[in-house]
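Asks: Encoded as structure tokens, here's the structure I'll be asking about.
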Amino acid sequence: MTQRISKYQRFKMMNPIIQLFKFIYLSIKIMLVVAGGHGGTRKVN
Amino acid sequence: MSKIVILGAGISGHVAAAHLRRELSKEHEVLVVSPNSNYQWIPSNIWVGIGRMKSKQILFPLAPLYKKKGIGFKQAKAISFHPEGDTIEQKAYVLAEYVVGDNKGQQEKVTYDYLINATGPKLNFEATEGLIPGTNKTYSVCTYTHADHAWEGLKALIQEMKKGKKAKILIGTGHAKSTCQGAAFEYILNVEKELHKHNVRDMAEITWIANEHKLGDFGMDGMLLSYGSMTMKSSEMVEMIFEDRDIKWIIGAGVNKIEDGVAHYENLEGEYKTETYDFAMLIPSFSGHGFKAYDKKANDITDKLFKGFMIVDADYTPKPYEEWSVKDWPETYQNPTYKNIFAPGIAFAPPHAISKPRKSKNGTDISPAPPRTGMPSGITAKLVADNIIDTIKNGKESLHHKGSMGNMGAACIASAGYGMTQGSGVSITTYPIVPDYEKYPKTQGRQLGKTFGEIGLAGHWLKLALHYAFIYKAKMRPFWWLIPE
Ligand SMILES: Cc1cc2nc3c(=O)[nH]c(=O)nc-3n(C[C@H](O)[C@H](O)[C@H](O)COP(=O)(O)OP(=O)(O)OC[C@H]3O[C@@H](n4cnc5c(N)ncnc54)[C@H](O)[C@@H]3O)c2cc1C
């Protein structure tokens with residue numbers, strides 16, 4: 001096993017308080033990417 | 001009055017039926033024909049396969065919901081398509097066969113004005129000799145029953161490991177042309193985490209086997225993504241996760257035969273190898289259902305409707321990888337010959353793969369087929385429903401709603417372990433799903449920022465939140481339509 005994720009990084013990944021903010025941030029970001037619309041590709045306006 | 005028939009009640013069929021019913025007045029008939037009595041939220045099968053969810057938590061019966069909402073339901077499977085009717089039946093119809101009850105085996109001509117083929121994939125286990133879920137120590141998590149079996153198999157192995165058995169676990173793709181690597185990726189991370197929970201992680205060697213030429217290809221030609229303040233390749237991200245979790249990998253591998261505890265495969269180097277295991281979860285290849293189609297005079301017109309999956313408004317001209325374009329991908333999912341037939345979700349025939357096709361030195365194709373995940377399946381189903389609604393309301397064909405996978409974003413929240421405080425998830429979004437190398441030539445066809453990855457506990461919460469939100473939506477509870485696809 002190679003430790004590729006440092007202890008500090010792991011702490012940030014698993015800390016519930018930091019992750020709560022991340023959860024809110026990710027939810028908004030995902031909404032923007034996914035609900036941000038879609039369309040065709042053949043006619044560029 | 002119009003009659004809209006929807007084949008399949010998976011993510012895309014159910015989304016289409018729900019929107020059509022909500023938007024169309026009761027004089028129009030919405031009818032679902034599907035062989036499974038239940039709706040299942042497939043993404044959560046991963047958790048059923050590690051025993052953290054019961055299958056009943058991810059499914060609900062369709063008949064009572066459809067009855068309440070005024071959606072017709074026939075528990076039957078489509079067999080053949082007759083888009084011109086026949087010499088007796090004037091209207092276009094689908095021949096369907098009931099699968100349960102007194103009329104089991106009975107066939108019926110289900111007529112329609114509009115047809116939505118949302119039958120998804122056939123799980124083509126037969127394409128790999130010996131790959132039968134629940135036998136030869138191989139399992140699948142593609143349906144809830146498969147996932148239940150997978151958990152039984154894994155649980156039994158965990159018990160043996162507790163008694164001192166050293167075990168080998170193999171997870172990935174079970175065919176040279178499989179897709180859905182994302183689901184296998186989630187499962188391997190969840191299994192790894194569960195072994196820790198049961199204190200048997202040291203007893204197991206866990207190996208990823210896949211037809212991808214690089215880790216993190218996911219059938220999407222890999223991704224260049226923003227990761228924190230860095231820009232990282234998806235291959236680097238997955239390699240980091242696998243190394244950190246001591247998961248070995250075999251890539252460029254086309255599994256072609258399974259024997260009891262032995263997977264035979266050929267790799268891109270043209271070598272024929274084997275890998276032994278005590279438990280395997282291998283995703284089969286997906287194929288079309290082998291439907292036939294006939295014209296009014298009963299002539300076979302299958303090639304007008306199907307190319308494995310259903311033919312839609314894609315550009316199917318064969319061309320080399322270098323000439324592939326986002327413009328090849330469909331926008332309205334309408335069949336070009338029979339314009340009242342549509343195929344959203346996995347049911348449509350893609351113009352080509354997304355990942356670069358690769359052959360082994362022996363000439364065997366070993367590369368992933370293009371995935372169509374839940375989000376695009378839902379989005380394409382909704383736009384098909386919207387176009388049908390507009391057409392009915394305006395009295396003339398309307399195809400204003402468009403959604404090419406080359407101009408659509410998707411999120412893939414890959415669970416990496418279950419638990420409110422110990423869980424983890426790898427959240428990845430991509431925009432666009434099909435890389436647009438003309439628009440984003442320097443960032444591997446995708447927009448950085450909108451294509452990003454995150455690892456951590458928040459990913460688990462997100463995946464869990466999506467589970468509850470999408471089941472709420474599928475049950476058509478109050479304001480369900482506010483939850484986007
Ligand atoms: C284990 C697993 C995990 C996944 N995780 C994710 C995830 O985290 N995120 C994500 O976005 N996507 C995920 N996916 C992909 C997602 O589940 C699919 O993209 C989605 O289910 C496709 O929807 P669909 O409606 O096209 O097909 P399906 O959901 O397969 O539905 C097909 C429907 O057609 C019916 N049918 C079959 N044959 C017939 C017939 N002859 N006549 C009538 N009806 C028929 C079936 O019973 C079913 O109801 C996952 C897939 C798997 C297997």
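Ligands are numbered from 1 in the order shown, chains are lettered A, B, ... in the order of the structure tokens, and residues start at 1 in each chain.
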When you look at Val34 in chain A with a cut-off of 10 Å (counting only C-alpha atoms), what residues show up, excluding the ones that are within fewer than 4 positions of it in the same chain? I need them as an mmCIF file with C-alpha atoms, in the first residue's frame.

Replies:
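Result file follows (result19.cif):
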```
data_model
loop_
_atom_site.group_PDB
_atom_site.id
_atom_site.type_symbol
_atom_site.label_atom_id
_atom_site.label_comp_id
_atom_site.auth_asym_id
_atom_site.auth_seq_id
_atom_site.Cartn_x
_atom_site.Cartn_y
_atom_site.Cartn_z
ATOM 1 C CA ILE A 28 -24.948 24.063 -5.758
ATOM 2 C CA LYS A 29 -22.127 23.369 -8.165
ATOM 3 C CA ILE A 30 -23.685 20.132 -9.405
ATOM 4 C CA HIS A 38 -28.678 21.444 -22.399
ATOM 5 C CA MET B 375 -28.859 11.842 -15.478
ATOM 6 C CA PRO B 376 -28.756 11.879 -19.294
ATOM 7 C CA ILE B 379 -32.929 14.454 -19.239
ATOM 8 C CA MET B 408 -25.193 18.371 -21.579
ATOM 9 C CA GLY B 409 -23.517 18.018 -18.212
ATOM 10 C CA ALA B 410 -23.675 15.001 -15.951
ATOM 11 C CA ALA B 411 -22.769 14.302 -12.383
ATOM 12 C CA THR B 429 -19.103 16.170 -12.929
ATOM 13 C CA THR B 430 -18.381 16.396 -16.621
ATOM 14 C CA TYR B 431 -19.396 18.999 -19.124
ATOM 15 C CA PRO B 432 -20.072 18.025 -21.802
ATOM 16 C CA LYS B 450 -17.594 22.365 -14.859
ATOM 17 C CA PRO B 484 -34.409 18.207 -11.813
ATOM 18 C CA GLU B 485 -33.565 15.078 -13.765
#
```

Asks: Find the residues around Met13 in chain A up to 10 Å (only C-alpha atoms counted), leave out those fewer than 6 positions away in its own chain, and share them as an mmCIF file with C-alpha atoms, in the first residue's frame.

Replies:
```
data_model
loop_
_atom_site.group_PDB
_atom_site.id
_atom_site.type_symbol
_atom_site.label_atom_id
_atom_site.label_comp_id
_atom_site.auth_asym_id
_atom_site.auth_seq_id
_atom_site.Cartn_x
_atom_site.Cartn_y
_atom_site.Cartn_z
ATOM 1 C CA ILE A 5 -3.549 10.761 0.488
ATOM 2 C CA LYS A 7 -3.141 12.578 6.877
ATOM 3 C CA GLN A 19 -17.618 18.423 4.697
ATOM 4 C CA LYS A 22 -18.419 21.058 0.965
ATOM 5 C CA SER B 424 -16.971 8.643 1.396
ATOM 6 C CA GLY B 425 -17.762 9.514 -2.171
ATOM 7 C CA GLU B 454 -13.940 15.868 -5.210
ATOM 8 C CA ILE B 455 -13.316 13.121 -2.702
ATOM 9 C CA GLY B 456 -14.746 12.988 0.796
ATOM 10 C CA LEU B 457 -17.593 12.418 3.212
ATOM 11 C CA ALA B 458 -19.743 15.074 1.498
ATOM 12 C CA GLY B 459 -19.838 12.788 -1.563
#
```

Asks: Could I get the residue neighbourhood of ligand 1 at 7 Å, counting only C-alpha atoms and all ligand atoms, as a VMD selection string?

Replies: chain B and resid 7 to 13 33 to 36 39 42 to 46 76 to 79 118 to 122 141 to 143 180 182 to 183 289 344 to 347 372 to 375 377 411 to 414

Asks: Write a file of the selected residues as a compact mmCIF listing (two decimals), in the first residue's frame, keeping N, CA and C atoms.

Replies:
```txt
# COMPACT_ATOMS: atom_id res chain seq x y z
N LEU B 7 -42.53 2.08 -23.42
CA LEU B 7 -42.01 0.73 -23.15
C LEU B 7 -40.88 0.86 -22.14
N GLY B 8 -41.06 0.24 -20.98
CA GLY B 8 -40.02 0.30 -19.95
C GLY B 8 -40.37 1.30 -18.87
N ALA B 9 -40.13 0.91 -17.62
CA ALA B 9 -40.39 1.79 -16.49
C ALA B 9 -39.14 1.93 -15.65
N GLY B 10 -38.02 2.10 -16.33
CA GLY B 10 -36.77 2.41 -15.63
C GLY B 10 -36.67 3.91 -15.48
N ILE B 11 -35.46 4.41 -15.34
CA ILE B 11 -35.31 5.85 -15.12
C ILE B 11 -35.97 6.62 -16.26
N SER B 12 -35.64 6.30 -17.51
CA SER B 12 -36.16 7.13 -18.60
C SER B 12 -37.65 6.91 -18.85
N GLY B 13 -38.11 5.66 -18.85
CA GLY B 13 -39.52 5.42 -19.11
C GLY B 13 -40.40 6.06 -18.04
N VAL B 33 -45.79 0.00 -20.58
CA VAL B 33 -45.70 -1.47 -20.75
C VAL B 33 -44.32 -1.87 -20.28
N SER B 34 -44.25 -2.63 -19.19
CA SER B 34 -42.94 -3.01 -18.66
C SER B 34 -43.05 -4.34 -17.92
N PRO B 35 -42.04 -5.21 -18.05
CA PRO B 35 -42.18 -6.55 -17.44
C PRO B 35 -41.97 -6.57 -15.93
N ASN B 36 -41.28 -5.56 -15.38
CA ASN B 36 -41.00 -5.57 -13.94
C ASN B 36 -42.11 -4.84 -13.20
N TYR B 39 -40.51 -0.28 -9.64
CA TYR B 39 -39.53 0.72 -10.05
C TYR B 39 -38.32 0.49 -9.16
N ILE B 42 -31.70 2.17 -9.50
CA ILE B 42 -30.54 1.33 -9.75
C ILE B 42 -29.24 1.80 -9.07
N PRO B 43 -28.93 3.12 -9.06
CA PRO B 43 -27.66 3.52 -8.45
C PRO B 43 -27.45 3.03 -7.01
N SER B 44 -28.53 2.82 -6.28
CA SER B 44 -28.35 2.37 -4.89
C SER B 44 -28.16 0.86 -4.77
N ASN B 45 -28.20 0.15 -5.90
CA ASN B 45 -27.89 -1.29 -5.87
C ASN B 45 -26.51 -1.56 -5.30
N ILE B 46 -25.63 -0.58 -5.44
CA ILE B 46 -24.27 -0.71 -4.90
C ILE B 46 -24.35 -1.01 -3.40
N ALA B 76 -46.01 -6.35 -18.97
CA ALA B 76 -45.77 -7.16 -20.18
C ALA B 76 -44.47 -6.72 -20.81
N LYS B 77 -43.97 -7.56 -21.70
CA LYS B 77 -42.74 -7.18 -22.40
C LYS B 77 -43.02 -7.01 -23.90
N ALA B 78 -42.40 -5.99 -24.47
CA ALA B 78 -42.57 -5.77 -25.90
C ALA B 78 -41.82 -6.87 -26.64
N ILE B 79 -42.38 -7.32 -27.74
CA ILE B 79 -41.73 -8.37 -28.52
C ILE B 79 -41.36 -7.87 -29.91
N ALA B 118 -38.20 2.96 -24.09
CA ALA B 118 -37.27 3.25 -22.98
C ALA B 118 -36.89 1.93 -22.32
N THR B 119 -36.56 0.95 -23.16
CA THR B 119 -36.32 -0.40 -22.64
C THR B 119 -34.88 -0.61 -22.15
N GLY B 120 -34.07 0.44 -22.18
CA GLY B 120 -32.71 0.32 -21.62
C GLY B 120 -31.91 -0.78 -22.30
N PRO B 121 -30.96 -1.36 -21.58
CA PRO B 121 -30.13 -2.39 -22.19
C PRO B 121 -30.61 -3.80 -21.84
N LYS B 122 -30.22 -4.76 -22.66
CA LYS B 122 -30.30 -6.16 -22.24
C LYS B 122 -28.97 -6.44 -21.56
N VAL B 141 -24.31 -6.46 -9.85
CA VAL B 141 -25.15 -5.57 -9.04
C VAL B 141 -26.08 -4.76 -9.95
N CYS B 142 -26.30 -5.28 -11.17
CA CYS B 142 -27.06 -4.51 -12.15
C CYS B 142 -28.56 -4.45 -11.85
N THR B 143 -29.08 -5.41 -11.09
CA THR B 143 -30.49 -5.33 -10.68
C THR B 143 -30.52 -5.61 -9.17
N CYS B 180 -20.39 0.96 -18.22
CA CYS B 180 -20.81 1.06 -16.82
C CYS B 180 -19.64 0.80 -15.85
N GLY B 182 -18.27 2.88 -14.10
CA GLY B 182 -18.52 3.70 -12.90
C GLY B 182 -19.16 2.88 -11.80
N ALA B 183 -20.11 2.02 -12.17
CA ALA B 183 -20.80 1.21 -11.16
C ALA B 183 -19.82 0.22 -10.51
N HIS B 289 -32.30 -5.41 -27.21
CA HIS B 289 -33.11 -6.56 -26.80
C HIS B 289 -33.40 -7.54 -27.94
N PRO B 344 -35.26 7.44 -25.68
CA PRO B 344 -34.34 8.10 -24.76
C PRO B 344 -33.58 7.08 -23.88
N GLY B 345 -32.68 7.59 -23.05
CA GLY B 345 -31.96 6.72 -22.10
C GLY B 345 -30.99 5.80 -22.82
N ILE B 346 -30.87 4.59 -22.32
CA ILE B 346 -29.91 3.66 -22.91
C ILE B 346 -30.47 3.02 -24.19
N ALA B 347 -31.78 3.16 -24.42
CA ALA B 347 -32.41 2.45 -25.54
C ALA B 347 -31.96 2.93 -26.92
N ARG B 372 -24.41 5.57 -20.70
CA ARG B 372 -25.45 6.59 -20.63
C ARG B 372 -26.01 6.48 -19.23
N THR B 373 -25.57 7.38 -18.39
CA THR B 373 -25.89 7.25 -16.96
C THR B 373 -27.30 7.77 -16.67
N GLY B 374 -27.65 7.77 -15.40
CA GLY B 374 -29.00 8.11 -14.99
C GLY B 374 -29.41 9.52 -15.38
N MET B 375 -28.49 10.45 -15.21
CA MET B 375 -28.86 11.84 -15.48
C MET B 375 -29.22 12.08 -16.95
N SER B 377 -30.15 9.90 -18.99
CA SER B 377 -31.34 9.08 -19.27
C SER B 377 -32.60 9.86 -18.88
N ALA B 411 -23.49 14.50 -13.64
CA ALA B 411 -22.77 14.30 -12.38
C ALA B 411 -22.72 12.81 -12.10
N CYS B 412 -21.59 12.35 -11.65
CA CYS B 412 -21.49 10.96 -11.24
C CYS B 412 -20.97 10.98 -9.80
N ILE B 413 -21.85 10.67 -8.89
CA ILE B 413 -21.42 10.66 -7.50
C ILE B 413 -21.16 9.19 -7.17
N ALA B 414 -19.88 8.84 -7.18
CA ALA B 414 -19.52 7.45 -6.96
C ALA B 414 -19.31 7.23 -5.47
```

Asks: Could you check which of B:Phe279, B:Phe242, B:Trp481, B:Tyr272 is closest to chain A, using only C-alpha atoms?

Replies: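 Nearest to chain A: B:Phe242.
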
Asks: Which chain A residues are at most 6 Å from chain B (counting only C-alpha atoms), as a PyMOL selection string?

Replies: chain A and resi 1-4+13-14+19+23+33-34+38-42

Asks: Run DSSP on the backbone and tell me which residues of range 216-300 of chain B come out as helix (DSSP H, G or I); list them as a list of chain:residue names.

Replies: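 Taking range 216-300 of chain B and keeping helix (DSSP H, G or I) only, one gets B:Ser234, B:Ser235, B:Glu236, B:Met237, B:Val238, B:Glu239, B:Met240, B:Ile241, B:Phe242, B:Glu243, B:Asp244.
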
Asks: Mind giving me the straight-line distance from CA of Trp324 in chain B to CA of Asp221 in chain B in Å, one decimal?

Replies: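 Separation of CA of Trp324 in chain B and CA of Asp221 in chain B: 12.5 Å.
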
Asks: Considering only C-alpha atoms, can you say which of B:Asp278, B:Glu186, B:Glu438, B:Glu29 comes closest to Ala204 in chain B?

Replies: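 For Ala204 in chain B, the nearest of the given residues is B:Asp278.
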